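**Student:** Following this message is one structure expressed as C-alpha cells.
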Amino acid sequence: STYRAKTVGELVPLTEDLPDSPSESALAQPSPGTLRPSRGSQRVVGGKATSSAAIAVMGGANRAGDWTLPGTYVATAVMGGVELDLRNAKFTQHETTIWCNVLMGGIGIVVPYDVEVRVHGIPIMGGIGLDGDAPVRNDPDVPIVHIRGIVVMGGVGAEYRSWKDDDEDE
C-alpha cells in the first residue's frame, strides 16, 4: 500500500499504469462551464492586427471570436453600442490600450481570466468600470489591457467571464 511504502521503489508498482502526461485532447477540450488552462503569455503573438476600431452610430458593432488587437484599439459609441469579446483574442503587444469614446451609448467588454485589465476614464453623467475583482494569476506575462476614455451620458463596462459556450445565458 502507499502508506506503508518506505522507498520510492516501493511506489513504482502503484504508478505503472498512470499516463506520463495528460493527453492533448484532454487539455484542448475543457468540460462546459470550466476555465481553459491559462494561455496568458501565449496570447501575445506580434504580427498584424485584424481589427483596429469598432464604431457604432445609432446602431451596434461587435468584435468576437478569433481576432488580433493592435497596441491601440478605438471603440466609439454614439447613441449606440459596441460589444468586444476578448476571450479568444490575441494581441500584437504585451500591453494594449482600448480607447472608449461614448456619447449617450455603451461599450461592453468581455475579458478572459488570463488577461489583466486596468480601467482609467472620465465619466460625465455616466460610468466606466470593471465588474468583479481581478482573478489570481500564476503567469506574470499575461497581456495587460488598459481601458481608457471619455464617457458622456453612457457607460463602459468590462467584466471577467468564464469559457462557457456563448449560447448559454449567464
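Residue numbering restarts at 1 in every chain; chains get A, B, ... in the order shown in the C-alpha cells, and ligands count up from 1 in that same order.
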When you look at Met58 (chain A) with a cut-off of 10 Å (counting only C-alpha atoms), what residues show up, excluding the ones that are within fewer than 3 positions of it in the same chain? I need them as a ChimeraX atom specification.
**Tutor:** /A:55,77-81,104-105
**Student:** At a cut-off of 8 Å, using only C-alpha atoms, what residues contact Gly126 (chain A)? Leave out same-chain residues fewer than 2 positions from it and give the result as an NGL selection string.
**Tutor:** :A and (123-124 or 128 or 151-155)
**Student:** Choose the residue, out of A:Pro143, A:Gly149, A:Gly157, A:Gly65, that has the smallest atom-to-atom separation from Arg43 (chain A); count only C-alpha atoms.
**Tutor:** A:Pro143
**Student:** Ranking A:Gly129, A:Pro70, A:Gly60, A:Gly46 by minimum distance to Ile98 (chain A) and counting only C-alpha atoms, which one comes first?
**Tutor:**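 Comparing A:Gly129, A:Pro70, A:Gly60, A:Gly46 against Ile98 (chain A), the winner is A:Pro70.
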**Student:** Closest to Ala75 (chain A) among A:Val115, A:Arg4, A:Ile147, A:Glu159, using only C-alpha atoms?
**Tutor:**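 Using only C-alpha atoms, the shortest distance to Ala75 (chain A) belongs to A:Ile147.
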**Student:** Using Å and a single decimal, report how far CA of Ser41 (chain A) sits from CA of Ala61 (chain A).
**Tutor:**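 So the answer is 27.8 Å.
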**Student:** Skipping near chain neighbours, those fewer than 4 positions away, what residues fall within 8 Å of His94 (chain A) using only C-alpha atoms, listed as a PyMOL selection string?
**Tutor:** chain A and resi 44+141-144
**Student:** I'd like the interatomic distance between CA of Val57 (chain A) and CA of Gly106 (chain A), to a tenth of an Å.
**Tutor:** 10.9 Å
**Student:** Would you work out the distance separating CA of Leu103 (chain A) from CA of Val74 (chain A), expressed in Å to one decimal?
**Tutor:**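 These atoms are spaced 14.1 Å apart.
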**Student:** Using only C-alpha atoms, find the one residue out of A:Gln42, A:Val111, A:Glu83, A:Thr97 that sits nearest to Asp139 (chain A).
**Tutor:**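 Once distances to Asp139 (chain A) are computed over only C-alpha atoms, the minimum belongs to A:Gln42.
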**Student:** Which one of A:Leu84, A:Val136, A:Ala56, A:Val45 sits closest to Thr68 (chain A) if you count only C-alpha atoms?
**Tutor:**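 Under the stated criterion, the closest residue is A:Val45.
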**Student:** Could you pull out the helix (DSSP H, G or I) residues of region 39-163 of chain A from DSSP and send them as an MDAnalysis selection string?
**Tutor:** chainID A and resid 40:43
